[in-house]
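Worksheet: the structure to be examined is printed underneath.
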Amino acid sequence: MFDALAERYDLMNDVLSGGQVRLWRRDVQRIVAAKPGDRVLDLAAGTGTSSRSFAQTGANTVACDFSYGMLHTGQAKLLAKDPKQDQTRGQVAFAAGDALQLPFKDDAFDVVTISFGLRNVQRTRDALEEMRRVTRPGGRLVICEFSQITVPPVDAAYRRYLAKVLPRVAQMAARNPVAYDYLAESINDWPAQRELADLIRSAGWSAVRWRNLSMGIVAVHVGRNIQASS
């Protein structure tokens with residue numbers, strides 16, 4: 001499904017979010033706060049849009065996704081914009097991988113981040129434990145995901161948008177509009193902020209907290225790997 005969306009993936013994200021996705025990614029970049037030389041794993045990276053923003057700060061970033069189509073599109077975009085990869089910035093590498101069985105060594109990264117991809121993992125807690133395995137002791141987790149709006153009338157309007165408006169927009173703009181039916185369903189079924197925070201803690205992460213964006217349409221959860229991985 002995601003392979004078929006690759007070429008228009010970033011455009012559709014802009015259209016369906018009314019451009020808000022750019023602001024959300026900017027907030028994630030600020031919260032990740034990657035420094036020169038940091039090792040960042042960007043999971044469910046898609047075409048690597050957020051990965052490139054981390055590299056701009058000097059971090060060495062791995063854009064990891066299970067969709068080969070997304071990765072190939074991302075590599076082509078990177079080469080078109082920066083054929084030699086600017087040596088004053090961090091590097092971006094693309095890697096195919098499953099969040100439940102990551103192809104990386106223990107303690108390999110300073111930061112692991114995933115934006116709008118955790119909903120797509122079947123065993124969420126197992127994925128969170130696997131992310132902790134590849135994060136160094138003291139390293140951080142940053143999750144950006146759709147969540148629950150904190151103002152009931154606004155939440156009701158948003159649910160109507162997901163049920164009625166989003167499918168119509170997808171019909172007009174997307175080459176594979178059926179794929180976006182899944183988007184609405186997965187957002188509605190996803191746990192609220194506090195529930196997700198509890199799940200992250202149960203996977204062994206410490207100092208877990210969250211910040212709402214756009215009144216809770218999206219929430220960014222953070223955690224820290226206080227204990228060494230076992």
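Ligands are numbered from 1 in the order shown, chains are lettered A, B, ... in the order of the structure tokens, and residues start at 1 in each chain.
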
- Task: Find the residues around A:Asp42 up to 8 Å (only C-alpha atoms counted), leave out those fewer than 6 positions away in its own chain, and share them as a PyMOL selection string.
- Result: chain A and resi 50-51+61-64+112-114

- Message: Neighbouring residues of A:Arg194 were defined as those with any atom within 12 Å, considering only C-alpha atoms; residues of the same chain fewer than 2 positions away were excluded. Please report them as a PyMOL selection string.
- Response: chain A and resi 147-148+150+190-192+196-201+208-212+216+219-221

- Message: DSSP on the backbone: which residues in stretch 78-170 of chain A end up as strand (DSSP E or B)? Give the answer as a list in words.
- Response: Val92, Ala93, Phe94, Ala95, Ala96, Asp98, Gln101, Phe109, Asp110, Val111, Val112, Thr113, Ile114, Ser115, Thr135, Arg136, Pro137, Gly138, Gly139, Arg140, Leu141, Val142, Ile143, Cys144, Glu145 and Phe146 of chain A

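Atom pair atom CA of A:Thr49 / atom CA of A:Pro137 has a distance of 27.1 Å (rounded to one decimal).
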
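Across the model, the gap from atom CA of A:Phe109 to atom CA of A:Arg52 is 16.5 Å.
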
Polymer residues at most 8 Å from A:Gly46, only C-alpha atoms, same-chain spacing of 2 or more positions, as a compact mmCIF listing (two decimals) with all heavy atoms, in the first residue's frame:
# COMPACT_ATOMS: atom_id res chain seq x y z
N ALA A 6 4.15 6.42 -2.66
CA ALA A 6 5.44 7.06 -2.46
C ALA A 6 5.62 8.36 -3.22
O ALA A 6 6.06 9.37 -2.66
CB ALA A 6 6.57 6.07 -2.81
N ALA A 44 9.93 4.76 10.30
CA ALA A 44 8.78 5.07 9.45
C ALA A 44 9.05 6.39 8.73
O ALA A 44 8.19 7.26 8.62
CB ALA A 44 7.49 5.15 10.27
N GLY A 48 11.94 10.36 3.80
CA GLY A 48 13.09 10.98 4.46
C GLY A 48 13.00 12.47 4.67
O GLY A 48 14.02 13.12 4.93
N THR A 49 11.79 13.05 4.60
CA THR A 49 11.65 14.49 4.78
C THR A 49 12.17 14.94 6.13
O THR A 49 12.95 15.90 6.23
CB THR A 49 10.17 14.91 4.62
OG1 THR A 49 9.71 14.53 3.31
CG2 THR A 49 10.02 16.42 4.78
N ALA A 63 17.37 6.98 7.84
CA ALA A 63 15.95 6.98 7.50
C ALA A 63 15.55 5.53 7.26
O ALA A 63 15.97 4.92 6.27
CB ALA A 63 15.71 7.82 6.25
N CYS A 64 14.75 4.98 8.16
CA CYS A 64 14.40 3.56 8.11
C CYS A 64 12.90 3.41 7.86
O CYS A 64 12.09 4.05 8.53
CB CYS A 64 14.79 2.90 9.43
SG CYS A 64 14.49 1.12 9.48
N ASP A 65 12.55 2.56 6.91
CA ASP A 65 11.15 2.33 6.58
C ASP A 65 11.03 0.92 6.01
O ASP A 65 11.99 0.38 5.46
CB ASP A 65 10.65 3.36 5.56
CG ASP A 65 9.14 3.51 5.56
OD1 ASP A 65 8.45 2.61 5.05
OD2 ASP A 65 8.65 4.53 6.08
N SER A 67 8.92 0.23 3.61
CA SER A 67 8.47 0.39 2.22
C SER A 67 9.66 0.73 1.32
O SER A 67 10.24 1.81 1.42
CB SER A 67 7.42 1.50 2.12
OG SER A 67 7.20 1.87 0.77
N MET A 70 8.99 3.91 -0.77
CA MET A 70 9.25 5.16 -0.05
C MET A 70 10.75 5.46 -0.01
O MET A 70 11.19 6.59 -0.26
CB MET A 70 8.71 5.09 1.38
CG MET A 70 7.20 5.09 1.47
SD MET A 70 6.51 6.71 1.17
CE MET A 70 4.80 6.41 1.64
N LEU A 71 11.54 4.46 0.31
CA LEU A 71 12.98 4.65 0.42
C LEU A 71 13.61 5.04 -0.92
O LEU A 71 14.46 5.93 -0.98
CB LEU A 71 13.64 3.38 0.97
CG LEU A 71 13.26 2.99 2.40
CD1 LEU A 71 13.81 1.62 2.74
CD2 LEU A 71 13.77 4.03 3.41
N GLY A 74 12.74 8.59 -1.61
CA GLY A 74 13.52 9.47 -0.74
C GLY A 74 14.96 9.61 -1.19
O GLY A 74 15.52 10.72 -1.18

- Near A:Trp24, within 10 Å and counting only C-alpha atoms, which residues show up once chain neighbours fewer than 5 positions away are dropped, as a ChimeraX atom specification? /A:19,29-30,115,144-145,213-214,218-220

- Item | Which of A:Pro152, A:Gly18, A:Gly138, A:Gly117 sits closest to A:Val169 [using only C-alpha atoms] | A:Gly18
